[in-house]
file final-v6.cif (mmCIF, C-alpha atoms)
data_coords
#
loop_
_atom_site.group_PDB
_atom_site.id
_atom_site.type_symbol
_atom_site.label_atom_id
_atom_site.label_comp_id
_atom_site.auth_asym_id
_atom_site.auth_seq_id
_atom_site.Cartn_x
_atom_site.Cartn_y
_atom_site.Cartn_z
ATOM 1 C CA MET A 1 63.685 157.932 48.137
ATOM 2 C CA LEU A 2 61.628 154.794 48.562
ATOM 3 C CA VAL A 3 63.174 151.353 48.861
ATOM 4 C CA SER A 4 61.668 147.856 48.983
ATOM 5 C CA TRP A 5 63.070 145.416 51.499
ATOM 6 C CA THR A 6 62.621 142.244 53.518
ATOM 7 C CA ALA A 7 64.564 141.409 56.647
ATOM 8 C CA THR A 8 65.029 139.417 59.775
ATOM 9 C CA ASP A 9 62.387 140.305 62.364
ATOM 10 C CA PRO A 10 64.216 141.712 65.409
ATOM 11 C CA ASP A 11 61.722 140.191 67.853
ATOM 12 C CA SER A 12 61.475 136.630 66.530
ATOM 13 C CA ARG A 13 64.936 136.751 64.936
ATOM 14 C CA ARG A 14 63.478 134.848 61.994
ATOM 15 C CA PHE A 15 63.449 136.055 58.406
ATOM 16 C CA SER A 16 60.193 137.720 57.403
ATOM 17 C CA ALA A 17 59.497 137.460 53.663
ATOM 18 C CA THR A 18 56.890 140.213 53.905
ATOM 19 C CA GLU A 19 58.184 142.968 51.667
ATOM 20 C CA ARG A 20 58.044 146.503 52.956
ATOM 21 C CA ARG A 21 58.205 149.683 50.926
ATOM 22 C CA SER A 22 59.473 152.609 52.924
ATOM 23 C CA ASP A 23 61.863 155.493 53.025
ATOM 24 C CA ASN A 24 65.511 155.018 53.958
ATOM 25 C CA ALA A 25 64.844 155.878 57.594
ATOM 26 C CA ASP A 26 62.703 152.775 58.179
ATOM 27 C CA LEU A 27 65.316 150.553 56.546
ATOM 28 C CA SER A 28 68.015 152.168 58.705
ATOM 29 C CA ASP A 29 65.901 151.606 61.811
ATOM 30 C CA ARG A 30 65.589 147.900 60.987
ATOM 31 C CA PHE A 31 69.311 147.607 60.374
ATOM 32 C CA SER A 32 70.003 149.319 63.719
ATOM 33 C CA ALA A 33 67.599 146.995 65.532
ATOM 34 C CA LEU A 34 69.271 143.950 64.003
ATOM 35 C CA ARG A 35 72.714 145.353 64.727
ATOM 36 C CA SER A 36 71.784 145.651 68.405
ATOM 37 C CA HIS A 37 71.094 141.887 68.350
ATOM 38 C CA GLY A 38 74.452 141.183 66.712
ATOM 39 C CA GLN A 39 73.241 139.687 63.449
ATOM 40 C CA GLY A 40 70.705 139.940 60.673
ATOM 41 C CA TYR A 41 69.783 139.483 57.037
ATOM 42 C CA LEU A 42 68.243 142.081 54.707
ATOM 43 C CA GLU A 43 67.250 142.017 51.040
ATOM 44 C CA ILE A 44 67.069 145.421 49.397
ATOM 45 C CA ARG A 45 65.881 146.526 45.972
ATOM 46 C CA LEU A 46 64.728 149.696 44.369
ATOM 47 C CA PRO A 47 60.933 149.864 44.051
ATOM 48 C CA ASP A 48 60.947 150.279 40.260
ATOM 49 C CA GLY A 49 62.021 146.699 39.497
ATOM 50 C CA GLU A 50 62.821 143.285 40.902
ATOM 51 C CA PHE A 51 66.517 143.512 40.072
ATOM 52 C CA PRO A 52 69.192 144.264 40.962
ATOM 53 C CA LEU A 53 68.643 142.895 44.432
ATOM 54 C CA LEU A 54 71.231 143.241 47.181
ATOM 55 C CA ALA A 55 71.360 141.049 50.245
ATOM 56 C CA LEU A 56 73.275 142.056 53.340
ATOM 57 C CA ASP A 57 73.992 139.440 55.945
ATOM 58 C CA PHE A 58 76.034 140.169 59.004
ATOM 59 C CA ARG A 59 77.116 138.688 62.282
ATOM 60 C CA ASP A 60 78.941 140.702 64.909
ATOM 61 C CA ASP A 61 81.273 143.060 63.016
ATOM 62 C CA GLN A 62 81.535 141.080 59.769
ATOM 63 C CA ALA A 63 79.215 141.281 56.762
ATOM 64 C CA VAL A 64 78.754 139.843 53.292
ATOM 65 C CA ILE A 65 76.936 141.549 50.409
ATOM 66 C CA HIS A 66 75.301 139.510 47.632
ATOM 67 C CA LEU A 67 74.041 140.790 44.291
ATOM 68 C CA PHE A 68 71.329 139.035 42.298
ATOM 69 C CA ASP A 69 70.624 140.179 38.747
ATOM 70 C CA ALA A 70 67.792 139.753 36.239
ATOM 71 C CA ASP A 71 69.688 137.011 34.388
ATOM 72 C CA GLY A 72 69.638 134.786 37.470
ATOM 73 C CA ALA A 73 73.313 135.306 38.244
ATOM 74 C CA SER A 74 74.542 135.912 41.766
ATOM 75 C CA PHE A 75 77.722 137.540 43.012
ATOM 76 C CA LEU A 76 79.550 138.346 46.226
ATOM 77 C CA LEU A 77 81.222 141.678 46.778
ATOM 78 C CA ALA A 78 84.963 141.372 47.332
ATOM 79 C CA GLY A 79 85.995 141.824 50.948
ATOM 80 C CA ASP A 80 87.812 144.788 52.437
ATOM 81 C CA GLY A 81 90.497 142.903 54.360
ATOM 82 C CA THR A 82 88.436 142.674 57.550
ATOM 83 C CA ALA A 83 89.015 138.907 57.586
ATOM 84 C CA VAL A 84 91.970 136.850 56.432
ATOM 85 C CA ALA A 85 91.284 135.814 52.826
ATOM 86 C CA ASP A 86 91.302 132.065 53.426
ATOM 87 C CA ALA A 87 89.500 132.210 56.795
ATOM 88 C CA VAL A 88 85.952 130.903 56.987
ATOM 89 C CA GLY A 89 83.255 132.762 58.875
ATOM 90 C CA GLN A 90 79.510 132.442 59.233
ATOM 91 C CA ALA A 91 76.679 134.884 58.651
ATOM 92 C CA PRO A 92 72.914 134.422 58.484
ATOM 93 C CA VAL A 93 71.228 133.911 55.124
ATOM 94 C CA MET A 94 67.520 134.089 55.804
ATOM 95 C CA ASP A 95 67.214 131.755 58.822
ATOM 96 C CA ASP A 96 70.348 129.645 58.445
ATOM 97 C CA LEU A 97 74.011 130.324 59.000
ATOM 98 C CA ALA A 98 76.115 130.082 55.854
ATOM 99 C CA ALA A 99 79.881 129.839 55.599
ATOM 100 C CA PHE A 100 81.822 132.514 53.724
ATOM 101 C CA ARG A 101 85.482 132.850 52.903
ATOM 102 C CA GLY A 102 87.275 135.831 54.350
ATOM 103 C CA ASP A 103 87.961 137.325 50.922
ATOM 104 C CA CYS A 104 84.248 138.213 50.725
ATOM 105 C CA VAL A 105 83.915 139.655 54.217
ATOM 106 C CA LEU A 106 83.518 143.376 54.893
ATOM 107 C CA ALA A 107 83.375 145.365 58.083
ATOM 108 C CA VAL A 108 79.671 145.700 58.920
ATOM 109 C CA ASP A 109 79.847 149.503 59.078
ATOM 110 C CA ARG A 110 81.486 149.634 55.642
ATOM 111 C CA ALA A 111 78.882 147.212 54.260
ATOM 112 C CA TRP A 112 76.070 149.444 55.526
ATOM 113 C CA VAL A 113 77.640 152.482 53.820
ATOM 114 C CA LEU A 114 77.683 150.509 50.557
ATOM 115 C CA VAL A 115 74.048 149.434 50.935
ATOM 116 C CA ARG A 116 73.020 153.054 51.505
ATOM 117 C CA SER A 117 74.990 154.050 48.384
ATOM 118 C CA PHE A 118 73.102 151.413 46.375
ATOM 119 C CA VAL A 119 69.772 152.749 47.649
ATOM 120 C CA GLN A 120 70.702 156.319 46.715
ATOM 121 C CA LYS A 121 72.327 155.667 43.337
ATOM 122 C CA GLY A 122 70.918 152.307 42.213
ATOM 123 C CA ALA A 123 74.334 151.382 40.816
ATOM 124 C CA PRO A 124 75.741 148.138 42.228
ATOM 125 C CA ASP A 125 78.732 148.310 39.870
ATOM 126 C CA GLU A 126 79.992 151.330 41.819
ATOM 127 C CA LEU A 127 80.189 149.379 45.090
ATOM 128 C CA GLY A 128 83.331 147.436 44.247
ATOM 129 C CA GLU A 129 84.504 144.199 42.663
ATOM 130 C CA TRP A 130 81.826 141.521 42.272
ATOM 131 C CA ARG A 131 82.764 137.832 42.163
ATOM 132 C CA GLY A 132 80.446 135.396 40.431
ATOM 133 C CA LEU A 133 79.125 132.380 42.280
#
call {"tool": "encode", "arguments": {"input": "final-v6.cif", "output": "structure tokens"}}
result
Amino acid sequence: MLVSWTATDPDSRRFSATERRSDNADLSDRFSALRSHGQGYLEIRLPDGEFPLLALDFRDDQAVIHLFDADGASFLLAGDGTAVADAVGQAPVMDDLAAFRGDCVLAVDRAWVLVRSFVQKGAPDELGEWRGL
């Protein structure tokens, strides 16, 4: 299955807005390269439309998943207990670090499983509880 994505460049460690269209293996390779650097940001969508769009940002072993829909709404996926609910952590969003509450933090490995599920099924509602921003 093809997927469209943009991501942090592993060499420059800056966000590259150049969209790529590839199979899942290339997306997985980019995620692995970013994971080896300890942090990264990816935007993923199915190639048949602009939305829904998922964004995965992670730093060390903690990740946050965003959902953007066609109506202009944005959501964060509820966390998995990896971080204390009222703790504040940081993860990259494009080229800047953003603060996130612990109740929206997932283990990075779990977040990657959910992103792969989205790519395969195209159903963000199946990933868990979304919280509006």
call {"tool": "resolve_selection", "arguments": {"input": "final-v6.cif", "expression": "the PyMOL selection byres ((chain A and resi 18) around 9)", "output": "ChimeraX atom specification"}}
result
/A:5-7,15-17,19-20
call {"tool": "closest_atom_pairs", "arguments": {"input": "final-v6.cif", "of": "range 79-103 of chain A", "to": "range 44-60 of chain A", "cutoff": "12 Å", "atoms": "all atoms listed in the file", "output": "tab-separated table"}}
result
residue	atom	partner	partner_atom	distance
A:Gly89	CA	A:Arg59	CA	9.2
A:Gln90	CA	A:Arg59	CA	7.4
A:Ala91	CA	A:Arg59	CA	5.3
A:Pro92	CA	A:Asp57	CA	5.7
A:Val93	CA	A:Asp57	CA	6.2
A:Met94	CA	A:Asp57	CA	8.4
A:Asp95	CA	A:Asp57	CA	10.6
A:Asp96	CA	A:Asp57	CA	10.7
A:Leu97	CA	A:Arg59	CA	9.5
A:Ala98	CA	A:Asp57	CA	9.6
A:Ala99	CA	A:Asp57	CA	11.3
A:Phe100	CA	A:Asp57	CA	10.7
call {"tool": "write_last_selection", "arguments": {"input": "final-v6.cif", "atoms": "C-alpha atoms", "output": "CSV table (one decimal), in the frame of the given file"}}
result
chain,number,residue,atom,x,y,z
A,89,GLY,CA,83.3,132.8,58.9
A,90,GLN,CA,79.5,132.4,59.2
A,91,ALA,CA,76.7,134.9,58.7
A,92,PRO,CA,72.9,134.4,58.5
A,93,VAL,CA,71.2,133.9,55.1
A,94,MET,CA,67.5,134.1,55.8
A,95,ASP,CA,67.2,131.8,58.8
A,96,ASP,CA,70.3,129.6,58.4
A,97,LEU,CA,74.0,130.3,59.0
A,98,ALA,CA,76.1,130.1,55.9
A,99,ALA,CA,79.9,129.8,55.6
A,100,PHE,CA,81.8,132.5,53.7
call {"tool": "closest_residue", "arguments": {"input": "final-v6.cif", "among": "A:Gly79, A:Gly128, A:Gly72, A:Gly122", "to": "Leu2 in chain A", "atoms": "only C-alpha atoms"}}
result
A:Gly122
call {"tool": "axis_aligned_box", "arguments": {"input": "final-v6.cif", "around": "range 57-69 of chain A", "padding_each_side": "6 Å", "output": "AutoDock Vina command-line options"}}
result
--center_x 76.1 --center_y 140.9 --center_z 51.8 --size_x 22.9 --size_y 16.4 --size_z 38.2
call {"tool": "atom_distance", "arguments": {"input": "final-v6.cif", "atom1": "CA of Ala87 in chain A", "atom2": "CA of Leu34 in chain A"}}
result
24.5 Å
call {"tool": "residues_around", "arguments": {"input": "final-v6.cif", "residues": "range 104-112 of chain A", "least_positions_apart": "6", "cutoff": "10 Å", "atoms": "all atoms listed in the file", "output": "ChimeraX atom specification"}}
result
/A:28,31,35,39,56-66,76-91,118,127,130-131
call {"tool": "write_last_selection", "arguments": {"input": "final-v6.cif", "atoms": "C-alpha atoms", "output": "PDB file, in the coordinates of the input"}}
result
ATOM      1  CA  SER A  28      68.015 152.168  58.705  1.00  0.00           C
ATOM      2  CA  PHE A  31      69.311 147.607  60.374  1.00  0.00           C
ATOM      3  CA  ARG A  35      72.714 145.353  64.727  1.00  0.00           C
ATOM      4  CA  GLN A  39      73.241 139.687  63.449  1.00  0.00           C
ATOM      5  CA  LEU A  56      73.275 142.056  53.340  1.00  0.00           C
ATOM      6  CA  ASP A  57      73.992 139.440  55.945  1.00  0.00           C
ATOM      7  CA  PHE A  58      76.034 140.169  59.004  1.00  0.00           C
ATOM      8  CA  ARG A  59      77.116 138.688  62.282  1.00  0.00           C
ATOM      9  CA  ASP A  60      78.941 140.702  64.909  1.00  0.00           C
ATOM     10  CA  ASP A  61      81.273 143.060  63.016  1.00  0.00           C
ATOM     11  CA  GLN A  62      81.535 141.080  59.769  1.00  0.00           C
ATOM     12  CA  ALA A  63      79.215 141.281  56.762  1.00  0.00           C
ATOM     13  CA  VAL A  64      78.754 139.843  53.292  1.00  0.00           C
ATOM     14  CA  ILE A  65      76.936 141.549  50.409  1.00  0.00           C
ATOM     15  CA  HIS A  66      75.301 139.510  47.632  1.00  0.00           C
ATOM     16  CA  LEU A  76      79.550 138.346  46.226  1.00  0.00           C
ATOM     17  CA  LEU A  77      81.222 141.678  46.778  1.00  0.00           C
ATOM     18  CA  ALA A  78      84.963 141.372  47.332  1.00  0.00           C
ATOM     19  CA  GLY A  79      85.995 141.824  50.948  1.00  0.00           C
ATOM     20  CA  ASP A  80      87.812 144.788  52.437  1.00  0.00           C
ATOM     21  CA  GLY A  81      90.497 142.903  54.360  1.00  0.00           C
ATOM     22  CA  THR A  82      88.436 142.674  57.550  1.00  0.00           C
ATOM     23  CA  ALA A  83      89.015 138.907  57.586  1.00  0.00           C
ATOM     24  CA  VAL A  84      91.970 136.850  56.432  1.00  0.00           C
ATOM     25  CA  ALA A  85      91.284 135.814  52.826  1.00  0.00           C
ATOM     26  CA  ASP A  86      91.302 132.065  53.426  1.00  0.00           C
ATOM     27  CA  ALA A  87      89.500 132.210  56.795  1.00  0.00           C
ATOM     28  CA  VAL A  88      85.952 130.903  56.987  1.00  0.00           C
ATOM     29  CA  GLY A  89      83.255 132.762  58.875  1.00  0.00           C
ATOM     30  CA  GLN A  90      79.510 132.442  59.233  1.00  0.00           C
ATOM     31  CA  ALA A  91      76.679 134.884  58.651  1.00  0.00           C
ATOM     32  CA  PHE A 118      73.102 151.413  46.375  1.00  0.00           C
ATOM     33  CA  LEU A 127      80.189 149.379  45.090  1.00  0.00           C
ATOM     34  CA  TRP A 130      81.826 141.521  42.272  1.00  0.00           C
ATOM     35  CA  ARG A 131      82.764 137.832  42.163  1.00  0.00           C
TER      36      ARG A 131
END
call {"tool": "build_atoms", "arguments": {"input": "final-v6.cif", "residues": "range 10-21 of chain A", "atoms": "all heavy atoms", "output": "PDB file, in the frame of the given file"}}
result
ATOM      1  N   PRO A  10      63.386 141.591  64.207  1.00  0.00           N
ATOM      2  CA  PRO A  10      64.216 141.712  65.409  1.00  0.00           C
ATOM      3  C   PRO A  10      63.644 141.016  66.637  1.00  0.00           C
ATOM      4  O   PRO A  10      64.395 140.616  67.520  1.00  0.00           O
ATOM      5  CB  PRO A  10      64.329 143.211  65.652  1.00  0.00           C
ATOM      6  CG  PRO A  10      63.518 143.893  64.634  1.00  0.00           C
ATOM      7  CD  PRO A  10      62.936 142.879  63.710  1.00  0.00           C
ATOM      8  N   ASP A  11      62.327 140.842  66.691  1.00  0.00           N
ATOM      9  CA  ASP A  11      61.722 140.191  67.853  1.00  0.00           C
ATOM     10  C   ASP A  11      61.845 138.672  67.779  1.00  0.00           C
ATOM     11  O   ASP A  11      62.326 138.038  68.710  1.00  0.00           O
ATOM     12  CB  ASP A  11      60.255 140.602  67.997  1.00  0.00           C
ATOM     13  CG  ASP A  11      60.107 142.088  68.291  1.00  0.00           C
ATOM     14  OD1 ASP A  11      60.972 142.646  68.997  1.00  0.00           O
ATOM     15  OD2 ASP A  11      59.146 142.688  67.791  1.00  0.00           O
ATOM     16  N   SER A  12      61.422 138.091  66.664  1.00  0.00           N
ATOM     17  CA  SER A  12      61.475 136.630  66.530  1.00  0.00           C
ATOM     18  C   SER A  12      62.848 136.138  66.095  1.00  0.00           C
ATOM     19  O   SER A  12      63.172 134.972  66.256  1.00  0.00           O
ATOM     20  CB  SER A  12      60.434 136.147  65.514  1.00  0.00           C
ATOM     21  OG  SER A  12      60.814 136.530  64.199  1.00  0.00           O
ATOM     22  N   ARG A  13      63.622 137.054  65.505  1.00  0.00           N
ATOM     23  CA  ARG A  13      64.936 136.751  64.936  1.00  0.00           C
ATOM     24  C   ARG A  13      64.857 135.716  63.812  1.00  0.00           C
ATOM     25  O   ARG A  13      65.802 134.997  63.532  1.00  0.00           O
ATOM     26  CB  ARG A  13      65.926 136.326  66.012  1.00  0.00           C
ATOM     27  CG  ARG A  13      66.127 137.436  67.018  1.00  0.00           C
ATOM     28  CD  ARG A  13      67.278 137.220  67.904  1.00  0.00           C
ATOM     29  NE  ARG A  13      67.326 138.297  68.883  1.00  0.00           N
ATOM     30  CZ  ARG A  13      67.982 138.238  69.989  1.00  0.00           C
ATOM     31  NH1 ARG A  13      68.662 137.166  70.295  1.00  0.00           N
ATOM     32  NH2 ARG A  13      67.982 139.256  70.815  1.00  0.00           N
ATOM     33  N   ARG A  14      63.706 135.698  63.168  1.00  0.00           N
ATOM     34  CA  ARG A  14      63.478 134.848  61.994  1.00  0.00           C
ATOM     35  C   ARG A  14      63.279 135.756  60.790  1.00  0.00           C
ATOM     36  O   ARG A  14      62.799 136.880  60.923  1.00  0.00           O
ATOM     37  CB  ARG A  14      62.229 133.969  62.181  1.00  0.00           C
ATOM     38  CG  ARG A  14      62.188 133.130  63.441  1.00  0.00           C
ATOM     39  CD  ARG A  14      63.017 131.905  63.414  1.00  0.00           C
ATOM     40  NE  ARG A  14      62.567 131.023  62.340  1.00  0.00           N
ATOM     41  CZ  ARG A  14      63.269 129.997  61.913  1.00  0.00           C
ATOM     42  NH1 ARG A  14      64.428 129.720  62.432  1.00  0.00           N
ATOM     43  NH2 ARG A  14      62.826 129.246  60.937  1.00  0.00           N
ATOM     44  N   PHE A  15      63.619 135.269  59.613  1.00  0.00           N
ATOM     45  CA  PHE A  15      63.449 136.055  58.406  1.00  0.00           C
ATOM     46  C   PHE A  15      61.973 136.218  58.096  1.00  0.00           C
ATOM     47  O   PHE A  15      61.200 135.259  58.132  1.00  0.00           O
ATOM     48  CB  PHE A  15      64.159 135.369  57.232  1.00  0.00           C
ATOM     49  CG  PHE A  15      64.001 136.111  55.936  1.00  0.00           C
ATOM     50  CD1 PHE A  15      64.619 137.333  55.739  1.00  0.00           C
ATOM     51  CD2 PHE A  15      63.222 135.591  54.920  1.00  0.00           C
ATOM     52  CE1 PHE A  15      64.473 138.026  54.543  1.00  0.00           C
ATOM     53  CE2 PHE A  15      63.072 136.262  53.717  1.00  0.00           C
ATOM     54  CZ  PHE A  15      63.701 137.481  53.533  1.00  0.00           C
ATOM     55  N   SER A  16      61.562 137.431  57.802  1.00  0.00           N
ATOM     56  CA  SER A  16      60.193 137.720  57.403  1.00  0.00           C
ATOM     57  C   SER A  16      60.198 138.059  55.915  1.00  0.00           C
ATOM     58  O   SER A  16      60.806 139.046  55.509  1.00  0.00           O
ATOM     59  CB  SER A  16      59.631 138.904  58.190  1.00  0.00           C
ATOM     60  OG  SER A  16      58.381 139.282  57.663  1.00  0.00           O
ATOM     61  N   ALA A  17      59.534 137.255  55.114  1.00  0.00           N
ATOM     62  CA  ALA A  17      59.497 137.460  53.663  1.00  0.00           C
ATOM     63  C   ALA A  17      58.498 138.531  53.246  1.00  0.00           C
ATOM     64  O   ALA A  17      58.350 138.815  52.064  1.00  0.00           O
ATOM     65  CB  ALA A  17      59.175 136.144  52.963  1.00  0.00           C
ATOM     66  N   THR A  18      57.833 139.142  54.211  1.00  0.00           N
ATOM     67  CA  THR A  18      56.890 140.213  53.905  1.00  0.00           C
ATOM     68  C   THR A  18      57.667 141.443  53.451  1.00  0.00           C
ATOM     69  O   THR A  18      58.440 142.018  54.215  1.00  0.00           O
ATOM     70  CB  THR A  18      56.034 140.567  55.131  1.00  0.00           C
ATOM     71  OG1 THR A  18      55.360 139.390  55.571  1.00  0.00           O
ATOM     72  CG2 THR A  18      55.035 141.661  54.801  1.00  0.00           C
ATOM     73  N   GLU A  19      57.453 141.828  52.198  1.00  0.00           N
ATOM     74  CA  GLU A  19      58.184 142.968  51.667  1.00  0.00           C
ATOM     75  C   GLU A  19      57.574 144.265  52.167  1.00  0.00           C
ATOM     76  O   GLU A  19      56.368 144.425  52.209  1.00  0.00           O
ATOM     77  CB  GLU A  19      58.186 142.945  50.143  1.00  0.00           C
ATOM     78  CG  GLU A  19      59.086 144.018  49.562  1.00  0.00           C
ATOM     79  CD  GLU A  19      59.261 143.884  48.070  1.00  0.00           C
ATOM     80  OE1 GLU A  19      58.284 144.208  47.351  1.00  0.00           O
ATOM     81  OE2 GLU A  19      60.345 143.451  47.645  1.00  0.00           O
ATOM     82  N   ARG A  20      58.453 145.171  52.528  1.00  0.00           N
ATOM     83  CA  ARG A  20      58.044 146.503  52.956  1.00  0.00           C
ATOM     84  C   ARG A  20      58.531 147.509  51.922  1.00  0.00           C
ATOM     85  O   ARG A  20      59.574 147.325  51.316  1.00  0.00           O
ATOM     86  CB  ARG A  20      58.660 146.836  54.309  1.00  0.00           C
ATOM     87  CG  ARG A  20      58.097 145.997  55.423  1.00  0.00           C
ATOM     88  CD  ARG A  20      59.031 146.021  56.615  1.00  0.00           C
ATOM     89  NE  ARG A  20      58.543 145.219  57.704  1.00  0.00           N
ATOM     90  CZ  ARG A  20      58.678 143.905  57.785  1.00  0.00           C
ATOM     91  NH1 ARG A  20      59.260 143.238  56.821  1.00  0.00           N
ATOM     92  NH2 ARG A  20      58.208 143.241  58.815  1.00  0.00           N
ATOM     93  N   ARG A  21      57.793 148.571  51.780  1.00  0.00           N
ATOM     94  CA  ARG A  21      58.205 149.683  50.926  1.00  0.00           C
ATOM     95  C   ARG A  21      58.197 150.910  51.822  1.00  0.00           C
ATOM     96  O   ARG A  21      57.156 151.267  52.378  1.00  0.00           O
ATOM     97  CB  ARG A  21      57.232 149.839  49.763  1.00  0.00           C
ATOM     98  CG  ARG A  21      57.665 150.863  48.771  1.00  0.00           C
ATOM     99  CD  ARG A  21      56.663 150.919  47.634  1.00  0.00           C
ATOM    100  NE  ARG A  21      57.347 151.420  46.472  1.00  0.00           N
ATOM    101  CZ  ARG A  21      56.965 151.222  45.239  1.00  0.00           C
ATOM    102  NH1 ARG A  21      55.888 150.512  45.001  1.00  0.00           N
ATOM    103  NH2 ARG A  21      57.633 151.729  44.247  1.00  0.00           N
TER     104      ARG A  21
END
